[in-house]
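Structure file coords03.txt with compact mmCIF, C-alpha atoms:
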# COMPACT_ATOMS: atom_id res chain seq x y z
CA MET T 7 41.63 8.81 6.00
CA GLN T 8 38.73 8.69 3.56
CA ILE T 9 36.53 5.58 3.80
CA PRO T 10 35.92 3.91 0.40
CA ILE T 11 32.41 4.29 -0.99
CA THR T 12 31.96 0.49 -1.07
CA GLU T 13 32.58 0.23 2.66
CA LEU T 14 30.26 3.15 3.41
CA PHE T 15 27.55 1.55 1.30
CA LEU T 16 27.89 -1.77 3.12
CA MET T 17 27.92 0.03 6.48
CA ALA T 18 24.64 1.70 5.52
CA LEU T 19 23.12 -1.65 4.53
CA LEU T 20 24.30 -3.16 7.81
CA VAL T 21 22.49 -0.45 9.76
CA ILE T 22 19.36 -0.66 7.60
CA PHE T 23 18.95 -4.42 8.01
CA THR T 24 20.23 -4.95 11.55
CA LEU T 25 18.56 -2.33 13.75
CA PRO T 26 14.89 -2.89 12.73
CA TYR T 27 15.33 -6.65 12.96
CA LEU T 28 16.81 -6.49 16.45
CA ALA T 29 14.02 -4.16 17.59
CA TRP T 30 11.43 -6.51 16.13
CA ARG T 31 12.85 -9.57 17.89
CA LEU T 32 14.09 -8.13 21.17
CA LEU T 33 11.15 -5.83 21.92
CA GLY T 34 8.55 -8.56 21.37
CA GLN T 35 6.80 -6.87 18.44
CA ARG T 36 6.26 -10.05 16.44
CA SER T 37 2.80 -10.65 17.88
CA TRP T 38 1.28 -7.38 16.70
CA ALA T 39 3.32 -6.09 13.77
CA PRO T 40 5.11 -7.72 10.82
CA LEU T 41 8.79 -6.90 10.38
CA VAL T 42 7.91 -4.60 7.46
CA VAL T 43 6.09 -2.18 9.81
CA VAL T 44 9.11 -2.00 12.12
CA GLN T 45 11.34 -1.40 9.09
CA ILE T 46 9.18 1.55 8.03
CA VAL T 47 9.51 3.06 11.50
CA GLY T 48 13.23 2.28 11.40
CA GLY T 49 13.55 4.17 8.14
CA ILE T 50 12.05 7.25 9.81
CA LEU T 51 14.33 6.94 12.84
CA LEU T 52 17.42 6.60 10.62
CA GLY T 53 16.53 9.69 8.62
CA PRO T 54 17.70 13.29 9.18
CA GLY T 55 14.69 14.07 11.36
CA VAL T 56 15.83 11.71 14.16
CA LEU T 57 19.30 10.17 13.68
CA GLY T 58 20.51 13.21 11.76
CA ALA T 59 19.37 15.49 14.58
CA ALA T 60 20.59 13.31 17.45
CA LEU T 61 23.92 12.13 15.98
CA PRO T 62 24.73 14.37 13.00
CA GLU T 63 28.37 13.18 12.83
CA VAL T 64 27.32 9.53 12.51
CA TYR T 65 24.60 10.37 10.01
CA THR T 66 26.84 12.42 7.72
CA LEU T 67 29.64 9.83 7.99
CA VAL T 68 27.52 6.90 6.76
CA PHE T 69 24.82 8.48 4.62
CA THR T 70 26.92 10.51 2.21
CA ASP T 71 25.51 11.83 -1.07
CA LYS T 72 27.08 8.98 -3.04
CA VAL T 73 25.71 6.35 -0.65
CA ILE T 74 22.25 7.87 -0.79
CA THR T 75 22.39 7.91 -4.60
CA ALA T 76 23.28 4.22 -4.65
CA LEU T 77 20.56 3.39 -2.12
CA ASN T 78 17.98 5.35 -4.13
CA GLY T 79 18.67 3.20 -7.20
CA ILE T 80 17.92 0.05 -5.19
CA ALA T 81 14.85 1.69 -3.68
CA TRP T 82 13.40 2.61 -7.08
CA TRP T 83 13.78 -0.92 -8.41
CA ALA T 84 12.48 -2.47 -5.17
CA VAL T 85 9.29 -0.46 -5.08
CA MET T 86 8.66 -1.00 -8.80
CA MET T 87 8.79 -4.78 -8.32
CA PHE T 88 6.62 -4.55 -5.23
CA VAL T 89 3.90 -2.52 -6.93
CA TRP T 90 4.10 -4.79 -10.00
CA ILE T 91 3.32 -7.82 -7.83
CA ALA T 92 0.48 -5.91 -6.13
CA GLY T 93 -0.96 -5.23 -9.60
CA ILE T 94 -0.71 -8.89 -10.63
CA GLU T 95 -2.43 -10.00 -7.42
CA LEU T 96 -5.54 -7.91 -8.11
CA ASP T 97 -8.36 -10.38 -8.76
CA LEU T 98 -10.59 -8.24 -10.94
CA HIS T 99 -12.44 -11.33 -12.20
CA GLN T 100 -13.82 -12.02 -8.72
CA ALA T 101 -14.54 -8.33 -8.18
CA TRP T 102 -16.61 -8.30 -11.38
CA ALA T 103 -18.39 -11.58 -10.56
CA LYS T 104 -19.55 -10.08 -7.25
CA ARG T 105 -19.69 -6.53 -8.54
CA ARG T 106 -22.76 -5.31 -6.65
CA GLU T 107 -21.49 -6.19 -3.21
CA THR T 108 -17.83 -5.43 -4.01
CA GLY T 109 -18.66 -2.12 -5.66
CA THR T 110 -20.88 -0.99 -2.78
CA VAL T 111 -18.27 -1.68 -0.12
CA ALA T 112 -15.30 -0.40 -2.14
CA LEU T 113 -17.12 2.83 -3.05
CA LEU T 114 -18.22 3.65 0.49
CA ALA T 115 -14.84 2.61 1.93
CA LEU T 116 -13.22 5.06 -0.48
CA ILE T 117 -15.41 8.15 -0.72
CA VAL T 118 -16.17 8.61 2.99
CA PRO T 119 -12.51 8.74 4.18
CA LEU T 120 -11.61 10.70 1.04
CA GLY T 121 -14.23 13.31 1.92
CA LEU T 122 -13.17 13.53 5.56
CA GLY T 123 -9.51 13.59 4.55
CA ALA T 124 -10.14 16.40 2.09
CA GLY T 125 -11.95 18.29 4.85
CA ALA T 126 -8.96 17.85 7.14
CA ALA T 127 -6.68 18.95 4.30
CA ALA T 128 -8.73 22.13 3.82
CA MET T 129 -8.10 22.96 7.49
CA LEU T 130 -4.35 22.47 7.03
CA LEU T 131 -4.24 24.44 3.78
CA ALA T 132 -5.64 27.48 5.58
CA THR T 133 -2.04 27.95 6.74
CA ASP T 134 1.19 28.04 4.72
CA GLY T 135 3.73 25.25 4.28
CA TRP T 136 1.65 22.41 2.86
CA ILE T 137 1.48 23.08 -0.90
CA GLY T 138 4.64 22.33 -2.89
CA PRO T 139 6.07 24.66 -5.56
CA GLY T 140 4.63 22.48 -8.34
CA GLY T 141 1.23 21.85 -6.76
CA ALA T 142 -2.18 23.49 -7.10
CA TYR T 143 -4.70 23.76 -4.26
CA TRP T 144 -7.03 21.13 -5.76
CA GLN T 145 -4.15 18.68 -6.31
CA VAL T 146 -3.05 18.86 -2.68
CA LEU T 147 -6.65 18.69 -1.43
CA LEU T 148 -7.40 15.61 -3.53
CA GLY T 149 -3.98 14.09 -2.83
CA ILE T 150 -4.32 14.33 0.96
CA GLY T 151 -7.92 13.14 0.78
CA MET T 152 -6.91 10.13 -1.28
CA ALA T 153 -4.01 9.38 1.06
CA CYS T 154 -6.58 9.11 3.87
CA ALA T 155 -8.66 6.68 1.78
CA VAL T 156 -5.82 4.36 0.64
CA THR T 157 -5.77 0.70 1.60
CA ALA T 158 -2.34 -0.94 1.37
CA LEU T 159 -3.13 -4.27 -0.27
CA PRO T 160 0.32 -5.90 0.28
CA ILE T 161 0.35 -5.02 4.00
CA LEU T 162 -3.25 -6.18 4.27
CA VAL T 163 -2.20 -9.56 2.86
CA LEU T 164 0.59 -9.83 5.46
CA PHE T 165 -1.76 -8.96 8.31
CA MET T 166 -4.40 -11.47 7.22
CA GLU T 167 -1.73 -14.16 6.84
CA ASN T 168 -0.62 -13.46 10.43
CA MET T 169 -4.22 -13.73 11.65
CA ASP T 170 -4.90 -16.87 9.57
CA ILE T 171 -7.87 -15.44 7.65
CA LEU T 172 -6.30 -14.81 4.24
CA ARG T 173 -7.77 -17.91 2.55
CA SER T 174 -11.09 -17.72 4.43
CA ASN T 175 -14.34 -16.35 2.99
CA LEU T 176 -13.93 -13.21 5.09
CA GLY T 177 -10.34 -12.71 3.92
CA GLN T 178 -11.20 -13.16 0.25
CA ARG T 179 -14.03 -10.64 0.55
CA ILE T 180 -11.69 -8.10 2.10
CA LEU T 181 -9.17 -8.65 -0.71
CA ARG T 182 -11.86 -7.92 -3.30
CA TYR T 183 -12.80 -4.64 -1.66
CA ALA T 184 -9.16 -3.59 -1.32
CA SER T 185 -8.37 -4.59 -4.90
CA LEU T 186 -11.05 -2.34 -6.36
CA ASP T 187 -9.88 0.57 -4.20
CA ASP T 188 -6.31 -0.04 -5.37
CA VAL T 189 -7.39 0.58 -8.96
CA ALA T 190 -9.09 3.82 -7.87
CA ILE T 191 -5.94 4.99 -6.08
CA TRP T 192 -3.84 4.85 -9.22
CA ALA T 193 -6.60 6.36 -11.35
CA VAL T 194 -6.82 9.35 -9.00
CA LEU T 195 -3.04 9.64 -8.98
CA ALA T 196 -3.02 9.79 -12.79
CA LEU T 197 -5.62 12.58 -12.58
CA ILE T 198 -3.54 14.52 -10.06
CA LEU T 199 -0.42 14.17 -12.20
CA LEU T 200 -2.19 15.24 -15.38
CA ASP T 201 0.16 17.83 -16.86
CA TRP T 202 -1.32 19.98 -19.61
CA GLU T 203 2.15 20.74 -20.91
CA ARG T 204 2.70 17.01 -21.36
CA VAL T 205 -0.87 16.02 -22.13
CA THR T 206 0.13 14.89 -25.64
CA ARG T 207 2.73 12.52 -24.18
CA GLN T 208 0.30 11.25 -21.56
CA ALA T 209 -2.44 10.66 -24.10
CA GLY T 210 0.10 8.94 -26.34
CA PHE T 211 1.19 6.68 -23.49
CA LEU T 212 -2.38 5.61 -22.77
CA LEU T 213 -3.14 5.00 -26.44
CA VAL T 214 -0.01 2.92 -27.01
CA PHE T 215 -0.36 1.10 -23.68
CA ILE T 216 -3.61 -0.65 -24.66
CA PRO T 217 -2.32 -2.50 -27.78
CA ALA T 218 1.05 -3.03 -26.08
CA ALA T 219 -0.70 -4.62 -23.07
CA LEU T 220 -2.72 -6.92 -25.32
CA LEU T 221 0.45 -8.00 -27.11
CA ALA T 222 2.31 -8.49 -23.81
CA ARG T 223 -0.54 -10.62 -22.47
CA ARG T 224 -0.45 -12.88 -25.51
CA ILE T 225 3.32 -13.31 -25.40
CA ILE T 226 3.52 -13.90 -21.62
CA ALA T 227 0.52 -16.25 -21.56
CA ALA T 228 2.08 -18.39 -24.31
CA SER T 229 5.46 -18.61 -22.53
CA GLY T 230 6.82 -21.08 -20.01
CA GLU T 231 6.79 -20.34 -16.29
CA LEU T 232 10.39 -19.07 -16.05
CA ASP T 233 10.00 -17.00 -19.23
CA ARG T 234 6.83 -15.44 -17.82
CA TRP T 235 8.79 -14.01 -14.89
CA ILE T 236 11.62 -12.67 -17.06
CA LEU T 237 9.26 -11.25 -19.70
CA GLY T 238 7.07 -9.80 -16.96
CA LEU T 239 10.03 -7.92 -15.47
CA ILE T 240 11.03 -6.61 -18.91
CA TRP T 241 7.43 -5.46 -19.42
CA LEU T 242 7.56 -3.79 -15.99
CA ILE T 243 10.69 -1.81 -16.86
CA ALA T 244 9.33 -0.73 -20.24
CA CYS T 245 6.04 0.47 -18.74
CA GLY T 246 7.80 2.31 -15.92
CA LEU T 247 10.10 4.06 -18.39
CA ALA T 248 7.24 5.00 -20.73
CA ALA T 249 5.02 6.30 -17.91
CA ASP T 250 7.85 8.39 -16.46
CA TRP T 251 8.67 9.82 -19.90
CA ALA T 252 4.99 10.77 -20.27
CA GLY T 253 5.02 12.57 -16.92
CA LEU T 254 2.76 10.05 -15.13
CA HIS T 255 5.60 8.73 -12.88
CA TYR T 256 7.22 5.34 -13.22
CA MET T 257 5.11 3.91 -10.36
CA VAL T 258 1.90 4.38 -12.37
CA GLY T 259 3.50 2.38 -15.17
CA ALA T 260 4.68 -0.29 -12.70
CA PHE T 261 1.17 -0.79 -11.35
CA LEU T 262 -0.45 -0.87 -14.79
CA SER T 263 2.14 -3.38 -16.04
CA GLY T 264 1.09 -5.81 -13.30
CA ALA T 265 -2.64 -5.10 -13.35
CA VAL T 266 -3.01 -6.21 -16.99
CA LEU T 267 -1.43 -9.61 -16.24
CA ASP T 268 -3.45 -12.54 -14.84
CA SER T 269 -2.38 -13.94 -11.49
CA ARG T 270 -3.37 -17.44 -12.67
CA TRP T 271 -0.38 -17.36 -15.02
CA TYR T 272 1.91 -17.46 -11.99
CA LYS T 273 1.96 -20.13 -9.29
CA LEU T 274 0.62 -18.78 -6.01
CA GLU T 275 3.54 -20.18 -4.01
CA ARG T 276 6.07 -18.58 -6.38
CA MET T 277 4.31 -15.20 -6.18
CA ASP T 278 4.23 -15.34 -2.39
CA ALA T 279 7.90 -16.26 -2.33
CA PHE T 280 8.82 -13.48 -4.76
CA ARG T 281 6.89 -10.86 -2.76
CA SER T 282 8.49 -12.06 0.47
CA THR T 283 11.95 -11.97 -1.10
CA VAL T 284 11.47 -8.41 -2.35
CA LEU T 285 10.16 -7.36 1.08
CA MET T 286 13.08 -9.01 2.85
CA THR T 287 16.00 -8.12 0.59
CA VAL T 288 15.44 -4.73 -1.03
CA MET T 289 12.33 -3.01 0.35
CA PRO T 290 14.10 -2.05 3.62
CA VAL T 291 16.26 0.24 1.46
CA PHE T 292 13.10 1.92 0.20
CA PHE T 293 11.92 2.40 3.78
CA LEU T 294 15.19 4.15 4.58
CA SER T 295 14.90 6.38 1.52
CA THR T 296 11.42 7.27 2.75
CA GLY T 297 12.84 8.15 6.16
CA LEU T 298 15.42 10.40 4.51
CA ARG T 299 12.52 12.55 3.26
CA THR T 300 11.00 13.20 6.68
CA SER T 301 11.10 16.84 7.68
CA TRP T 302 10.39 18.60 10.95
CA ASP T 303 10.63 22.10 9.55
CA MET T 304 7.34 23.18 11.12
CA GLY T 305 8.39 21.82 14.46
CA GLY T 306 7.47 18.45 15.89
CA VAL T 307 4.23 19.67 17.48
CA GLY T 308 2.82 21.08 14.24
CA VAL T 309 3.62 17.97 12.22
CA LEU T 310 2.31 15.65 14.94
CA ALA T 311 -0.92 17.66 15.23
CA ALA T 312 -1.44 17.47 11.47
CA ALA T 313 -0.73 13.73 11.47
CA GLY T 314 -3.21 13.24 14.32
CA LEU T 315 -5.91 15.16 12.47
CA LEU T 316 -5.37 13.11 9.31
CA LEU T 317 -5.29 9.87 11.33
CA VAL T 318 -8.70 10.61 12.87
CA ALA T 319 -10.14 11.51 9.46
CA SER T 320 -8.77 8.39 7.75
CA VAL T 321 -9.65 5.81 10.41
CA SER T 322 -13.10 7.21 11.23
CA GLY T 323 -13.88 7.68 7.54
CA LYS T 324 -13.02 4.09 6.70
CA LEU T 325 -14.99 2.72 9.66
CA ILE T 326 -18.06 4.86 8.91
CA GLY T 327 -18.02 3.96 5.22
CA VAL T 328 -17.79 0.21 5.88
CA GLN T 329 -20.45 0.38 8.61
CA ILE T 330 -22.85 1.95 6.12
CA ALA T 331 -22.03 -0.78 3.59
CA GLY T 332 -22.56 -3.47 6.24
CA ARG T 333 -26.04 -2.16 7.01
CA LEU T 334 -26.98 -1.98 3.34
CA LEU T 335 -25.75 -5.54 2.72
CA ARG T 336 -27.08 -6.91 6.04
CA TRP T 337 -23.77 -8.29 7.26
CA GLU T 338 -23.43 -10.34 10.42
CA PRO T 339 -22.74 -8.42 13.66
CA GLY T 340 -19.08 -7.55 14.08
CA GLU T 341 -18.08 -8.01 10.43
CA ALA T 342 -18.17 -4.33 9.47
CA THR T 343 -15.89 -3.30 12.33
CA ILE T 344 -13.30 -5.98 11.54
CA ILE T 345 -13.38 -5.22 7.81
CA GLY T 346 -13.26 -1.46 8.40
CA TRP T 347 -10.16 -1.71 10.59
CA LEU T 348 -8.35 -4.01 8.17
CA LEU T 349 -9.15 -1.78 5.18
CA GLN T 350 -7.69 1.28 6.90
CA THR T 351 -4.19 -0.29 6.83
CA LYS T 352 -2.20 2.31 4.88
CA ALA T 353 1.57 1.85 5.07
CA LEU T 354 3.56 1.13 1.88
CA ILE T 355 0.97 2.03 -0.77
CA MET T 356 0.18 5.34 0.93
CA ILE T 357 3.87 5.99 1.43
CA ILE T 358 4.49 5.26 -2.25
CA PHE T 359 1.56 7.51 -3.17
CA ALA T 360 2.89 10.36 -1.00
CA ASN T 361 6.43 9.82 -2.33
CA ILE T 362 5.16 10.46 -5.84
CA LEU T 363 3.38 13.66 -4.78
CA LEU T 364 6.63 14.79 -3.13
CA ASP T 365 8.71 13.86 -6.20
CA LYS T 366 6.41 15.99 -8.36
CA GLU T 367 6.64 18.86 -5.81
CA ILE T 368 2.87 18.84 -5.34
CA ILE T 369 3.29 18.61 -1.56
CA THR T 370 6.06 19.81 0.73
CA SER T 371 8.34 17.62 2.81
CA THR T 372 6.35 18.77 5.86
CA THR T 373 3.11 17.49 4.32
CA PHE T 374 4.88 14.25 3.42
CA THR T 375 6.04 13.80 7.01
CA ALA T 376 2.51 14.29 8.36
CA LEU T 377 1.13 11.76 5.85
CA LEU T 378 3.92 9.31 6.65
CA LEU T 379 3.22 9.48 10.39
CA MET T 380 -0.51 9.05 9.71
CA ALA T 381 0.18 5.95 7.58
CA VAL T 382 2.46 4.39 10.19
CA GLY T 383 0.00 5.17 13.00
CA SER T 384 -3.00 3.68 11.20
CA THR T 385 -1.05 0.55 10.27
CA MET T 386 0.33 -0.04 13.76
CA LEU T 387 -3.15 0.28 15.27
CA THR T 388 -4.61 -2.45 13.07
CA MET T 389 -3.47 -5.74 14.59
CA PRO T 390 -3.87 -4.76 18.28
CA VAL T 391 -7.44 -3.62 17.55
CA VAL T 392 -8.48 -6.39 15.14
CA ALA T 393 -7.05 -9.38 17.05
CA PRO T 394 -9.55 -9.27 19.99
CA LEU T 395 -12.42 -8.32 17.65
CA LEU T 396 -11.64 -11.30 15.42
CA SER T 397 -11.37 -13.64 18.41
CA ARG T 398 -14.79 -12.52 19.68
CA TYR T 399 -16.29 -12.81 16.19
CA ARG T 400 -14.97 -16.37 15.79
CA SER T 401 -16.25 -17.32 19.24
CA ILE T 402 -19.76 -16.03 18.51
CA ARG T 403 -19.89 -17.79 15.14
CA SER T 404 -18.60 -21.03 16.66
CA LYS T 405 -21.27 -20.99 19.41
CA SER T 406 -23.98 -20.16 16.88
CA GLU T 407 -22.94 -23.07 14.65
CA ASP T 408 -22.83 -25.48 17.62
CA MET T 409 -26.30 -24.48 18.87
CA GLY T 410 -27.96 -24.36 15.48
CA PRO T 411 -29.88 -21.38 14.14
CA GLU T 412 -33.12 -22.05 16.04
CA GLU T 413 -31.44 -22.51 19.45
CA ALA T 414 -29.28 -19.45 18.91
CA GLY T 415 -32.39 -17.35 18.30
CA ALA T 416 -31.37 -16.63 14.72
CA PRO T 417 -33.68 -17.00 11.73
CA VAL T 418 -33.34 -20.26 9.83
CA ALA T 419 -32.60 -18.40 6.58
CA ARG T 420 -28.93 -17.48 6.14
CA PRO T 421 -28.01 -13.77 6.14
CA LEU T 422 -28.15 -12.04 2.76
CA ALA T 423 -24.34 -11.66 2.60
CA ILE T 424 -23.94 -15.43 2.99
CA GLN T 425 -26.73 -16.22 0.54
CA GLN T 426 -24.83 -14.22 -2.06
CA GLY T 427 -21.63 -16.15 -1.33
CA ASN T 428 -19.97 -13.23 0.47
CA GLY T 429 -19.51 -14.61 3.92
Can you present the structure in this file as structure tokens?
Amino acid sequence: MQIPITELFLMALLVIFTLPYLAWRLLGQRSWAPLVVVQIVGGILLGPGVLGAALPEVYTLVFTDKVITALNGIAWWAVMMFVWIAGIELDLHQAWAKRRETGTVALLALIVPLGLGAGAAAMLLATDGWIGPGGAYWQVLLGIGMACAVTALPILVLFMENMDILRSNLGQRILRYASLDDVAIWAVLALILLDWERVTRQAGFLLVFIPAALLARRIIAASGELDRWILGLIWLIACGLAADWAGLHYMVGAFLSGAVLDSRWYKLERMDAFRSTVLMTVMPVFFLSTGLRTSWDMGGVGVLAAAGLLLVASVSGKLIGVQIAGRLLRWEPGEATIIGWLLQTKALIMIIFANILLDKEIITSTTFTALLLMAVGSTMLTMPVVAPLLSRYRSIRSKSEDMGPEEAGAPVARPLAIQQGNG
């Protein structure tokens, strides 16, 4: 008896939503990882690389071609909304107001891991199996390097909310650094995707986008609150469609559509609620679709070794870059380490970035799997490492404030970072 497609679809949703949630609650993971991280791991486990290999009959029964097609439609829309919100939340006004400090940190936090990541990529590319049929050597080198330099702004926000530092001076500084790097990520992606056969379309998109964005800003700013959300979503769809038609990928359009809008047009509570709703209701489907792309063609050892190499390059690069920035800006002891670890959080944005490279056949599914494992590993390391560092940092600052600067042996003048309003 053939099971109706509706029932198969609902069975797939039941698996997608139930298993990660149970693991998150029953295994006591709430203290060190948000549910979204567990859902990403769940998506990998439910894919062909794990569930498909262990229980092929179950996998093929539930995840049929029609079910996967339906799930992919939800995944596309989910990730477009998610990236749109990430674009809106970029506070470029603050980044510009504190441009010297923000630019220094963002630049060093980007170029050092990018350089180390590109070096690791060059080692991988000495062997076959990493460059996709539509990719050139420089595209894969730059793509892997950039994947090692990515900071996932939405996940960073969730982590800082969990650690109660999001609205603090330290949290707002970190958001500025991550916001500037987010812009760089999409700029580099546009460069990688530059297609000389479609360069006329891509140039046309960029030329039309500027006046269209100015018009959209005027219309949305003059509208009521409810209309702003509806018009914003229409603007999102139009930009995604235009960018995909131009060959830049619909995710580039989704990010740009949000980045040109001002977050002050939307109530903070409503934006937080919208982001949380998207994360809770539809993003788990995207995580599954990501898991369906995992490949173990090279063998588990080869993929794991590549992921480990990229993980070392990305984490050490981010920490080194931020440490250099901290010395240049004369930060307080401990700040650079905390900021460096939080900025190396990669899941979601890096996964989206790698998904696009895979869609365009610039990288292979094996490369994607290595990048995916690197992103998950770096993200899952963050909270266990940062929590004790943050506790020690707060304790030291509390004692210093209680004793006063002279008793604590500190100079009476405030550190340069604090004088400039950065800490």
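Of the listed residues (T:Leu285, T:Ile326, T:Ile344, T:Ile80), T:Ile344 comes nearest to T:Arg400; the distances count all atoms listed in the file.
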Could you please determine the separation between atom CA of T:Ile94 and atom CA of T:Met389 in Å, to one decimal place?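 Atom CA of T:Met389 lies at a distance of 25.6 Å from atom CA of T:Ile94.
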Could you tell me how far atom CA of T:Val163 sits from atom CA of T:Leu334, in Å to one decimal place? 25.9 Å
If you take every atom of stretch 92-102 of chain T that the file lists and fit an axis-aligned box around them with 3 Å extra on each side, what centre and edge lengths come out in Å to one decimal, as AutoDock Vina command-line options?
--center_x -8.1 --center_y -8.6 --center_z -9.2 --size_x 23.1 --size_y 12.8 --size_z 12.1
Could you pull out every residue with an atom within 12 Å of (8.6, 17.4, 5.6), file coordinates, counting all atoms listed in the file, and send them as a ChimeraX atom specification? /T:50,53-55,135-138,296-306,308-310,312-313,360-361,364,367,369-379
Residues as selected, C-alpha atoms, written as an mmCIF file, in the coordinates of the input, can you do that?
data_model
loop_
_atom_site.group_PDB
_atom_site.id
_atom_site.type_symbol
_atom_site.label_atom_id
_atom_site.label_comp_id
_atom_site.auth_asym_id
_atom_site.auth_seq_id
_atom_site.Cartn_x
_atom_site.Cartn_y
_atom_site.Cartn_z
ATOM 1 C CA ILE T 50 12.050 7.250 9.810
ATOM 2 C CA GLY T 53 16.530 9.690 8.620
ATOM 3 C CA PRO T 54 17.700 13.290 9.180
ATOM 4 C CA GLY T 55 14.690 14.070 11.360
ATOM 5 C CA GLY T 135 3.730 25.250 4.280
ATOM 6 C CA TRP T 136 1.650 22.410 2.860
ATOM 7 C CA ILE T 137 1.480 23.080 -0.900
ATOM 8 C CA GLY T 138 4.640 22.330 -2.890
ATOM 9 C CA THR T 296 11.420 7.270 2.750
ATOM 10 C CA GLY T 297 12.840 8.150 6.160
ATOM 11 C CA LEU T 298 15.420 10.400 4.510
ATOM 12 C CA ARG T 299 12.520 12.550 3.260
ATOM 13 C CA THR T 300 11.000 13.200 6.680
ATOM 14 C CA SER T 301 11.100 16.840 7.680
ATOM 15 C CA TRP T 302 10.390 18.600 10.950
ATOM 16 C CA ASP T 303 10.630 22.100 9.550
ATOM 17 C CA MET T 304 7.340 23.180 11.120
ATOM 18 C CA GLY T 305 8.390 21.820 14.460
ATOM 19 C CA GLY T 306 7.470 18.450 15.890
ATOM 20 C CA GLY T 308 2.820 21.080 14.240
ATOM 21 C CA VAL T 309 3.620 17.970 12.220
ATOM 22 C CA LEU T 310 2.310 15.650 14.940
ATOM 23 C CA ALA T 312 -1.440 17.470 11.470
ATOM 24 C CA ALA T 313 -0.730 13.730 11.470
ATOM 25 C CA ALA T 360 2.890 10.360 -1.000
ATOM 26 C CA ASN T 361 6.430 9.820 -2.330
ATOM 27 C CA LEU T 364 6.630 14.790 -3.130
ATOM 28 C CA GLU T 367 6.640 18.860 -5.810
ATOM 29 C CA ILE T 369 3.290 18.610 -1.560
ATOM 30 C CA THR T 370 6.060 19.810 0.730
ATOM 31 C CA SER T 371 8.340 17.620 2.810
ATOM 32 C CA THR T 372 6.350 18.770 5.860
ATOM 33 C CA THR T 373 3.110 17.490 4.320
ATOM 34 C CA PHE T 374 4.880 14.250 3.420
ATOM 35 C CA THR T 375 6.040 13.800 7.010
ATOM 36 C CA ALA T 376 2.510 14.290 8.360
ATOM 37 C CA LEU T 377 1.130 11.760 5.850
ATOM 38 C CA LEU T 378 3.920 9.310 6.650
ATOM 39 C CA LEU T 379 3.220 9.480 10.390
#
For T:Thr351, which residue out of T:Ile180, T:Leu113, T:Ala209, T:Leu294 is the nearest one, using only C-alpha atoms?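 Under the stated criterion, the closest residue is T:Ile180.
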Just give me the gap between atom CA of T:Leu77 and atom CA of T:Ile11 in Å, one decimal is fine.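 Between atom CA of T:Leu77 and atom CA of T:Ile11 the gap is 11.9 Å.
For stretch 255-263 of chain T, the set of protein, DNA and RNA residues having any atom at most 8 Å away, when counting only C-alpha atoms and skipping those fewer than 4 positions along the same chain, is Met86, Met87, Val89, Trp90, Ala92, Gly93, Trp192, Leu195, Ala196, Ala219, Trp241, Leu242, Ile243, Cys245, Gly246, Leu247, Ala248, Ala249, Asp250, Trp251, Leu267 and Ile362 of chain T.
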Residue with smallest distance to T:Val156 - pool T:Glu341, T:Glu13, T:Glu95, T:Asp187, counting only C-alpha atoms: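 Looking only at the distances to T:Val156, the closest residue turns out to be T:Asp187.
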Give me the residues near stretch 199-202 of chain T as a list in words, where near means some atom within 9 Å (using only C-alpha atoms) and where sequence neighbours in that chain fewer than 3 positions away do not count. Gln145, Val194, Leu195, Ala196, Val205, Thr206, Gln208, Gly253, Leu254, His255, Leu363, Lys366 and Ile368 of chain T
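Using all atoms listed in the file, the smallest distance between any of T:Leu181, T:Pro26, T:Ala252, T:Asp268 and T:Arg223 comes from T:Asp268.
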